[in-house]
Amino acid sequence: MQNGKRENKNTSPQKSKPGKRFRWWWLIYIILFGFIIFNFVFNNFFPSAKEITWQQFEKNILSRHAVERIAIVNNEKANVYIKQEFANDPAFKEVMKSVIGKAVSSGPHYQFRIGSVESFERKLDEAQKNFSEDEKINVSYIKQRNWFIDILSWLLPVFLMIILWQYFFRRMGTGGTAGGSSIFSFGKSTATLMEKENKSTFTFEDVAGLEEAKVEIKEIVDFLKDPVTYTKLGAKIPKGVIIVGPPGTGKTLLAKAVAGEAQVPFFSISGSEFVEMFVGVGASRVRDLFRRAKEKAPCIIFIDEIDAVGRSRGRNAFYTGANDERESTLNQLLTEMDGFGTNSGVIVLAATNRADMLDPALLRPGRFDRHIYLELPNLHERKAIFKVHMRPLVLDETIEVDFLASQTPGFSGADIANICNEAALIAARRKKEKVGKQDFIDAIDRIVAGLEKKSKIISPQEKKTIAFHEAGHAVISWLLKHVDPLAKVSIIPRGKSLGAAWYLPEERQLRTAAELTERLCATLGGRAAEEIMFGEVSSGSLDDLEKVTKEAYTMIMYYGFNKKIGNISFYDSTGMRESAFQKPYSEETGRMIDDEVRKLTDEAYQRAKNILTEHKEQLIKIAELLLQKEVIFKEDLEIILGKRPGDEKTGQPAEETQKMVAATTINK
Ligand code: ATP
């Protein structure tokens, strides 16, 4: 995922130089082409016999008794040989010239197609019926091989295969990078090499926040710049550094910044580039990459999305045949990382968002001995990221970076980059000179909940149901103090949803059982409101129910929040059980978990219904206001429901924050 600047990845001068290499297949093409042309010219311009018709043959040659013999070739053609005295006879030649435009002097002189042997024999017998036995023509049947067709019939498939292979190998070889430019370089590494001339344009300045990660990474750059400072004290620099974090948190960006800052060659490759359908290619590419790197040492190798090769061995072996190839690639990677001495000057940088999937052997000290964990940015980091991405934008004075950062908890760096770009696009669409605060707010809404679809056809009854559903969410989340603060509620259809409530999640590390139960209650508030108001529920709660079910199971199975199940967690941080057939608990425990989940959700639903029944008047007021205004804000709710309990909470940096949108009504 890359927003903002682009790197000149594909312009590396270090890639293979095809122009200078001998393209052997061109020679084959030329020979084949020459061969076809030669045959065409030879057959068409220097034919051995002149083509005539049966009628011309019968009338002008046979009737004159000029035929010496006829040879039937391959049961297709009749080659006519003329008697010597006729061949040299000027009068006969003259006749032939006037009839067919040419008199041939060497045999076979003429040729015609016979259709079938039977019809030819019949016609010949008919034509010779007045001939004496001596005058009758000798007919022989011969088989003639066409060497051209013969050769072509075995050459052509070979050439076609070569062309097809070449085509596929090129395509698989990532379109002309070093590894894929020919069949023979297929096992070569496809890594892009950046050196001084084509260095990445990114620097640590472009990476906002991530201060701790930057310090760690900078140390590596420093080591490569000046190894003696470290080695003279006996320190060993890590061989590998793995950057782990959720998508869009700047892992690749950090690596690009290293490439830009380090004064050493930088090899960049994606884990998936090692994976091919041919066995052994991955391992060979790993070998080649490390060979190239050692030649250029000191240098850095960056492997993005390393989980493509580094997945735990044995995982999914049951279903996928690709396992052997991936395992041998991983083994080669492990061997290579063991193979070079700590201070040989090759440092491997890798990025993944699935560290739990990686093989433990890869992560052990001595290979990737430094682990850098990136998290979703906190308030200050978001502010810094906004500032980085606002640099190229033309902004007006309404922009408040603090406000935008506070409105985007749970957003990744990539999301923020996207918001900035989206805001600029919205401003351009509005024909504005500068990008303003409202453009940013609209961009956030669009990214959170999707594009507004005001044209969607919704019946008045449906609209009413949606309004009460969203009002239900609003009332409960307002009245329960542990639910994230509500920012606004809308019944304008956006993306897949028909209505939505926006929350501003607090940046917190921990949640208690009571807090999570209140969240379940708020999520079920929409459905509860529908039941109270209309006596029946609609299909619009699909998204809510899915969320509630997942959360309830998580509470009971992972967090140990249920007394009956006890202090047990079936969470598997290695991810090994994801594809396992067997559950890690007994049938009895399974049944107990199901019962407890049901109990938990039933209680939450009942509690939601109780709250809404108690505040039915306010619920109706909010729904009516929604029907009237379509979007209502925190301030409107405050007027109807009064001040929210515990409104004065403060935020802390959090890993587990949720995105702003919640309680959407799905259009299904
Ligand atoms: P993935 O795991 O999906 O590959 P990633 O962590 O590698 O994601 P990047 O490709 O590094 O994410 O980030 C995507 C974009 O997000 C960057 O190009 C950049 O524009 C923006 N971005 C992310 N983090 C930051 C940051 N800390 N500072 C500035 N921009 C950032």
# chains A, B, ... in the order shown; residues from 1 in each chain; ligands from 1
$ residues_near_ligand --ligand "ligand 1" --cutoff "8 Å" --atoms "only C-alpha atoms and all ligand atoms" --output "PyMOL selection string"
chain A and resi 1-5+206-210+245-255+304-305+351-353+377+381+384-386+388-389+412-418
$ residues_around --residues "segment 610-612 of chain A" --least-positions-apart "4" --cutoff "10 Å" --atoms "only C-alpha atoms" --output "JSON, numbers by chain"
{"A": [471, 472, 473, 475, 476, 479, 480, 521, 525, 526, 528, 529, 532, 533, 604, 605, 606, 616, 617, 618, 619, 620]}
$ write_last_selection --atoms "N, CA, C and O atoms" --output "PDB file, in the first residue's frame"
ATOM      1  N   ALA A 471     -31.618   5.498  16.119  1.00  0.00           N
ATOM      2  CA  ALA A 471     -31.942   6.202  17.369  1.00  0.00           C
ATOM      3  C   ALA A 471     -31.724   5.266  18.561  1.00  0.00           C
ATOM      4  O   ALA A 471     -31.251   5.692  19.620  1.00  0.00           O
ATOM      5  N   GLY A 472     -32.030   3.991  18.373  1.00  0.00           N
ATOM      6  CA  GLY A 472     -31.807   2.985  19.427  1.00  0.00           C
ATOM      7  C   GLY A 472     -30.337   2.916  19.808  1.00  0.00           C
ATOM      8  O   GLY A 472     -29.979   2.948  20.986  1.00  0.00           O
ATOM      9  N   HIS A 473     -29.476   2.840  18.781  1.00  0.00           N
ATOM     10  CA  HIS A 473     -28.030   2.843  19.048  1.00  0.00           C
ATOM     11  C   HIS A 473     -27.635   4.104  19.809  1.00  0.00           C
ATOM     12  O   HIS A 473     -26.869   4.055  20.771  1.00  0.00           O
ATOM     13  N   VAL A 475     -29.407   6.214  21.699  1.00  0.00           N
ATOM     14  CA  VAL A 475     -29.882   6.348  23.086  1.00  0.00           C
ATOM     15  C   VAL A 475     -29.034   5.485  24.011  1.00  0.00           C
ATOM     16  O   VAL A 475     -28.542   5.948  25.043  1.00  0.00           O
ATOM     17  N   ILE A 476     -28.838   4.230  23.631  1.00  0.00           N
ATOM     18  CA  ILE A 476     -28.112   3.324  24.532  1.00  0.00           C
ATOM     19  C   ILE A 476     -26.665   3.759  24.680  1.00  0.00           C
ATOM     20  O   ILE A 476     -26.122   3.799  25.785  1.00  0.00           O
ATOM     21  N   LEU A 479     -26.465   6.636  27.018  1.00  0.00           N
ATOM     22  CA  LEU A 479     -26.777   6.430  28.432  1.00  0.00           C
ATOM     23  C   LEU A 479     -25.815   5.476  29.147  1.00  0.00           C
ATOM     24  O   LEU A 479     -25.701   5.522  30.363  1.00  0.00           O
ATOM     25  N   LEU A 480     -25.153   4.597  28.389  1.00  0.00           N
ATOM     26  CA  LEU A 480     -24.187   3.700  29.041  1.00  0.00           C
ATOM     27  C   LEU A 480     -22.810   4.350  28.997  1.00  0.00           C
ATOM     28  O   LEU A 480     -22.300   4.662  27.919  1.00  0.00           O
ATOM     29  N   CYS A 521     -24.509  -4.295  24.392  1.00  0.00           N
ATOM     30  CA  CYS A 521     -25.832  -3.738  24.619  1.00  0.00           C
ATOM     31  C   CYS A 521     -26.122  -2.615  23.614  1.00  0.00           C
ATOM     32  O   CYS A 521     -27.197  -2.559  22.996  1.00  0.00           O
ATOM     33  N   GLY A 525     -28.812  -2.252  20.449  1.00  0.00           N
ATOM     34  CA  GLY A 525     -29.801  -1.194  20.672  1.00  0.00           C
ATOM     35  C   GLY A 525     -30.704  -0.944  19.465  1.00  0.00           C
ATOM     36  O   GLY A 525     -31.905  -0.688  19.619  1.00  0.00           O
ATOM     37  N   GLY A 526     -30.131  -1.054  18.271  1.00  0.00           N
ATOM     38  CA  GLY A 526     -30.903  -0.804  17.050  1.00  0.00           C
ATOM     39  C   GLY A 526     -32.024  -1.818  16.905  1.00  0.00           C
ATOM     40  O   GLY A 526     -33.194  -1.470  16.671  1.00  0.00           O
ATOM     41  N   ALA A 528     -33.263  -3.726  19.262  1.00  0.00           N
ATOM     42  CA  ALA A 528     -34.201  -3.597  20.383  1.00  0.00           C
ATOM     43  C   ALA A 528     -35.211  -2.479  20.103  1.00  0.00           C
ATOM     44  O   ALA A 528     -36.419  -2.635  20.367  1.00  0.00           O
ATOM     45  N   ALA A 529     -34.721  -1.370  19.557  1.00  0.00           N
ATOM     46  CA  ALA A 529     -35.622  -0.239  19.249  1.00  0.00           C
ATOM     47  C   ALA A 529     -36.674  -0.652  18.231  1.00  0.00           C
ATOM     48  O   ALA A 529     -37.857  -0.299  18.349  1.00  0.00           O
ATOM     49  N   ILE A 532     -39.306  -2.736  20.002  1.00  0.00           N
ATOM     50  CA  ILE A 532     -40.181  -1.944  20.883  1.00  0.00           C
ATOM     51  C   ILE A 532     -41.173  -1.115  20.066  1.00  0.00           C
ATOM     52  O   ILE A 532     -42.360  -1.055  20.363  1.00  0.00           O
ATOM     53  N   MET A 533     -40.667  -0.514  18.985  1.00  0.00           N
ATOM     54  CA  MET A 533     -41.522   0.411  18.229  1.00  0.00           C
ATOM     55  C   MET A 533     -42.470  -0.300  17.270  1.00  0.00           C
ATOM     56  O   MET A 533     -43.595   0.126  17.076  1.00  0.00           O
ATOM     57  N   ALA A 604     -27.760  -8.886  27.262  1.00  0.00           N
ATOM     58  CA  ALA A 604     -27.444  -7.565  26.708  1.00  0.00           C
ATOM     59  C   ALA A 604     -28.655  -7.008  25.950  1.00  0.00           C
ATOM     60  O   ALA A 604     -28.988  -5.823  26.052  1.00  0.00           O
ATOM     61  N   TYR A 605     -29.334  -7.900  25.227  1.00  0.00           N
ATOM     62  CA  TYR A 605     -30.505  -7.469  24.446  1.00  0.00           C
ATOM     63  C   TYR A 605     -31.628  -7.015  25.375  1.00  0.00           C
ATOM     64  O   TYR A 605     -32.272  -5.988  25.152  1.00  0.00           O
ATOM     65  N   GLN A 606     -31.824  -7.791  26.418  1.00  0.00           N
ATOM     66  CA  GLN A 606     -32.881  -7.459  27.380  1.00  0.00           C
ATOM     67  C   GLN A 606     -32.586  -6.120  28.042  1.00  0.00           C
ATOM     68  O   GLN A 606     -33.479  -5.276  28.191  1.00  0.00           O
ATOM     69  N   LYS A 616     -38.406   5.696  26.129  1.00  0.00           N
ATOM     70  CA  LYS A 616     -39.106   5.603  24.846  1.00  0.00           C
ATOM     71  C   LYS A 616     -39.400   6.987  24.257  1.00  0.00           C
ATOM     72  O   LYS A 616     -39.279   7.215  23.045  1.00  0.00           O
ATOM     73  N   GLU A 617     -39.762   7.883  25.132  1.00  0.00           N
ATOM     74  CA  GLU A 617     -40.107   9.237  24.687  1.00  0.00           C
ATOM     75  C   GLU A 617     -38.925   9.882  23.945  1.00  0.00           C
ATOM     76  O   GLU A 617     -39.073  10.424  22.852  1.00  0.00           O
ATOM     77  N   GLN A 618     -37.730   9.769  24.575  1.00  0.00           N
ATOM     78  CA  GLN A 618     -36.537  10.347  23.957  1.00  0.00           C
ATOM     79  C   GLN A 618     -36.186   9.616  22.653  1.00  0.00           C
ATOM     80  O   GLN A 618     -35.769  10.237  21.681  1.00  0.00           O
ATOM     81  N   LEU A 619     -36.406   8.294  22.684  1.00  0.00           N
ATOM     82  CA  LEU A 619     -36.120   7.494  21.481  1.00  0.00           C
ATOM     83  C   LEU A 619     -36.941   8.011  20.301  1.00  0.00           C
ATOM     84  O   LEU A 619     -36.418   8.221  19.194  1.00  0.00           O
ATOM     85  N   ILE A 620     -38.219   8.254  20.569  1.00  0.00           N
ATOM     86  CA  ILE A 620     -39.098   8.742  19.507  1.00  0.00           C
ATOM     87  C   ILE A 620     -38.645  10.133  19.047  1.00  0.00           C
ATOM     88  O   ILE A 620     -38.580  10.404  17.838  1.00  0.00           O
TER      89      ILE A 620
END
$ residues_around --residues "Tyr559 of chain A" --least-positions-apart "5" --cutoff "9 Å" --atoms "only C-alpha atoms" --output "PyMOL selection string"
chain A and resi 513+554+567-571
$ residues_around --residues "Phe86 of chain A" --least-positions-apart "4" --cutoff "10 Å" --atoms "only C-alpha atoms" --output "ChimeraX atom specification"
/A:61,64-68,82,90-93,105
$ write_last_selection --atoms "all heavy atoms" --output "CSV table (one decimal), in the first residue's frame"
chain,number,residue,atom,x,y,z
A,61,ILE,N,-2.5,-32.4,-75.2
A,61,ILE,CA,-1.4,-33.3,-75.0
A,61,ILE,C,-1.7,-34.8,-75.3
A,61,ILE,O,-1.2,-35.4,-76.2
A,61,ILE,CB,-0.8,-33.2,-73.6
A,61,ILE,CG1,-0.5,-31.7,-73.3
A,61,ILE,CG2,0.4,-34.0,-73.4
A,61,ILE,CD1,-0.1,-31.4,-71.9
A,64,ARG,N,-2.7,-35.7,-78.9
A,64,ARG,CA,-1.6,-35.6,-79.8
A,64,ARG,C,-0.6,-36.8,-79.6
A,64,ARG,O,0.4,-36.9,-80.2
A,64,ARG,CB,-0.8,-34.3,-79.6
A,64,ARG,CG,-1.5,-33.1,-80.2
A,64,ARG,CD,-0.5,-31.9,-80.2
A,64,ARG,NE,-1.1,-30.9,-81.0
A,64,ARG,CZ,-1.9,-30.0,-80.6
A,64,ARG,NH1,-2.4,-30.0,-79.4
A,64,ARG,NH2,-2.4,-29.1,-81.5
A,65,HIS,N,-1.0,-37.7,-78.7
A,65,HIS,CA,-0.1,-38.8,-78.3
A,65,HIS,C,1.3,-38.4,-77.9
A,65,HIS,O,2.3,-39.0,-78.3
A,65,HIS,CB,0.0,-39.8,-79.5
A,65,HIS,CG,-1.3,-40.4,-79.9
A,65,HIS,ND1,-1.9,-41.4,-79.2
A,65,HIS,CD2,-2.2,-40.1,-80.9
A,65,HIS,CE1,-3.1,-41.7,-79.8
A,65,HIS,NE2,-3.3,-40.9,-80.8
A,66,ALA,N,1.3,-37.2,-77.2
A,66,ALA,CA,2.6,-36.7,-76.8
A,66,ALA,C,3.1,-37.1,-75.4
A,66,ALA,O,4.2,-36.8,-75.0
A,66,ALA,CB,2.5,-35.1,-76.8
A,67,VAL,N,2.2,-37.9,-74.8
A,67,VAL,CA,2.6,-38.3,-73.4
A,67,VAL,C,3.5,-39.5,-73.3
A,67,VAL,O,3.3,-40.6,-74.0
A,67,VAL,CB,1.3,-38.7,-72.6
A,67,VAL,CG1,1.6,-39.0,-71.1
A,67,VAL,CG2,0.3,-37.5,-72.6
A,68,GLU,N,4.6,-39.4,-72.6
A,68,GLU,CA,5.6,-40.5,-72.5
A,68,GLU,C,5.0,-41.4,-71.3
A,68,GLU,O,4.9,-42.6,-71.5
A,68,GLU,CB,6.9,-39.9,-72.1
A,68,GLU,CG,7.9,-40.8,-71.5
A,68,GLU,CD,8.9,-41.4,-72.5
A,68,GLU,OE1,9.1,-40.6,-73.5
A,68,GLU,OE2,9.3,-42.5,-72.3
A,82,ILE,N,6.4,-35.6,-71.1
A,82,ILE,CA,6.2,-35.5,-72.5
A,82,ILE,C,7.3,-36.3,-73.3
A,82,ILE,O,8.5,-36.3,-72.8
A,82,ILE,CB,6.3,-34.0,-73.0
A,82,ILE,CG1,5.3,-33.2,-72.2
A,82,ILE,CG2,6.0,-33.8,-74.5
A,82,ILE,CD1,3.8,-33.5,-72.4
A,90,PRO,N,9.2,-27.4,-82.0
A,90,PRO,CA,8.7,-26.0,-81.8
A,90,PRO,C,7.2,-25.8,-82.0
A,90,PRO,O,6.6,-25.0,-81.4
A,90,PRO,CB,9.5,-25.3,-82.9
A,90,PRO,CG,10.6,-26.2,-83.4
A,90,PRO,CD,10.2,-27.6,-83.0
A,91,ALA,N,6.6,-26.6,-82.9
A,91,ALA,CA,5.2,-26.5,-83.2
A,91,ALA,C,4.4,-26.8,-81.9
A,91,ALA,O,3.4,-26.1,-81.5
A,91,ALA,CB,4.8,-27.4,-84.3
A,92,PHE,N,4.8,-28.0,-81.2
A,92,PHE,CA,4.1,-28.4,-80.0
A,92,PHE,C,4.3,-27.3,-78.9
A,92,PHE,O,3.3,-26.9,-78.2
A,92,PHE,CB,4.6,-29.7,-79.5
A,92,PHE,CG,4.0,-30.2,-78.3
A,92,PHE,CD1,2.7,-30.7,-78.3
A,92,PHE,CD2,4.6,-30.2,-77.1
A,92,PHE,CE1,2.1,-31.2,-77.2
A,92,PHE,CE2,4.0,-30.6,-75.9
A,92,PHE,CZ,2.7,-31.1,-76.0
A,93,LYS,N,5.5,-26.8,-78.9
A,93,LYS,CA,5.8,-25.8,-77.9
A,93,LYS,C,4.9,-24.6,-78.1
A,93,LYS,O,4.4,-23.9,-77.1
A,93,LYS,CB,7.3,-25.3,-78.0
A,93,LYS,CG,8.2,-26.2,-77.3
A,93,LYS,CD,9.6,-25.6,-77.3
A,93,LYS,CE,10.7,-26.4,-76.7
A,93,LYS,NZ,12.0,-25.9,-76.9
A,105,SER,N,10.5,-27.5,-70.7
A,105,SER,CA,11.4,-28.3,-71.5
A,105,SER,C,11.9,-29.5,-70.7
A,105,SER,O,12.4,-30.4,-71.3
A,105,SER,CB,12.5,-27.5,-72.1
A,105,SER,OG,13.0,-26.7,-71.1
$ residues_around --residues "segment 442-451 of chain A" --least-positions-apart "6" --cutoff "9 Å" --atoms "only C-alpha atoms" --output "count of residues only"
25
$ residues_around --residues "Gly280 of chain A" --least-positions-apart "6" --cutoff "8 Å" --atoms "only C-alpha atoms" --output "ChimeraX atom specification"
/A:325,328-329
$ select_by_dssp --residues "segment 66-98 of chain A" --states "helix (DSSP H, G or I)" --output "list in words"
Gln84, Glu85, Phe86, Ala87, Pro90, Ala91, Phe92, Lys93, Glu94, Val95, Met96, Lys97 and Ser98 of chain A
$ select_by_dssp --residues "segment 494-651 of chain A" --states "strand (DSSP E or B)" --output "PyMOL selection string"
chain A and resi 494+497+500-503+631-633
$ write_last_selection --atoms "N, CA and C atoms" --output "PDB file, in the first residue's frame"
ATOM      1  N   ARG A 494     -24.963   5.127   2.875  1.00  0.00           N
ATOM      2  CA  ARG A 494     -23.549   5.292   2.468  1.00  0.00           C
ATOM      3  C   ARG A 494     -22.987   3.912   2.220  1.00  0.00           C
ATOM      4  N   SER A 497     -24.223   0.545   3.779  1.00  0.00           N
ATOM      5  CA  SER A 497     -25.125   0.735   4.919  1.00  0.00           C
ATOM      6  C   SER A 497     -26.236   1.740   4.629  1.00  0.00           C
ATOM      7  N   ALA A 500     -25.918   5.030   9.838  1.00  0.00           N
ATOM      8  CA  ALA A 500     -24.728   4.738  10.640  1.00  0.00           C
ATOM      9  C   ALA A 500     -24.633   5.660  11.840  1.00  0.00           C
ATOM     10  N   ALA A 501     -23.973   5.141  12.868  1.00  0.00           N
ATOM     11  CA  ALA A 501     -23.684   5.966  14.037  1.00  0.00           C
ATOM     12  C   ALA A 501     -22.168   6.043  14.159  1.00  0.00           C
ATOM     13  N   TRP A 502     -21.670   7.248  14.319  1.00  0.00           N
ATOM     14  CA  TRP A 502     -20.218   7.449  14.403  1.00  0.00           C
ATOM     15  C   TRP A 502     -19.791   7.534  15.865  1.00  0.00           C
ATOM     16  N   TYR A 503     -18.802   6.769  16.212  1.00  0.00           N
ATOM     17  CA  TYR A 503     -18.278   6.816  17.579  1.00  0.00           C
ATOM     18  C   TYR A 503     -16.837   7.298  17.545  1.00  0.00           C
ATOM     19  N   VAL A 631     -29.129  13.868   9.494  1.00  0.00           N
ATOM     20  CA  VAL A 631     -27.882  13.716  10.264  1.00  0.00           C
ATOM     21  C   VAL A 631     -28.035  14.521  11.545  1.00  0.00           C
ATOM     22  N   ILE A 632     -27.775  13.902  12.684  1.00  0.00           N
ATOM     23  CA  ILE A 632     -27.802  14.665  13.936  1.00  0.00           C
ATOM     24  C   ILE A 632     -26.489  14.478  14.678  1.00  0.00           C
ATOM     25  N   PHE A 633     -26.157  15.483  15.457  1.00  0.00           N
ATOM     26  CA  PHE A 633     -24.858  15.475  16.121  1.00  0.00           C
ATOM     27  C   PHE A 633     -25.020  15.328  17.626  1.00  0.00           C
TER      28      PHE A 633
END
$ residues_around --residues "Arg69 of chain A" --least-positions-apart "3" --cutoff "7 Å" --atoms "only C-alpha atoms" --output "list in words"
Val80, Tyr81, Ile137, Asn138 and Val139 of chain A
$ closest_residue --among "A:Lys463, A:His482, A:Arg391, A:Arg367" --to "Glu515 of chain A" --atoms "only C-alpha atoms"
A:His482
$ atom_distance --atom1 "atom CA of Ser459 of chain A" --atom2 "atom CA of Asp544 of chain A"
21.9 Å
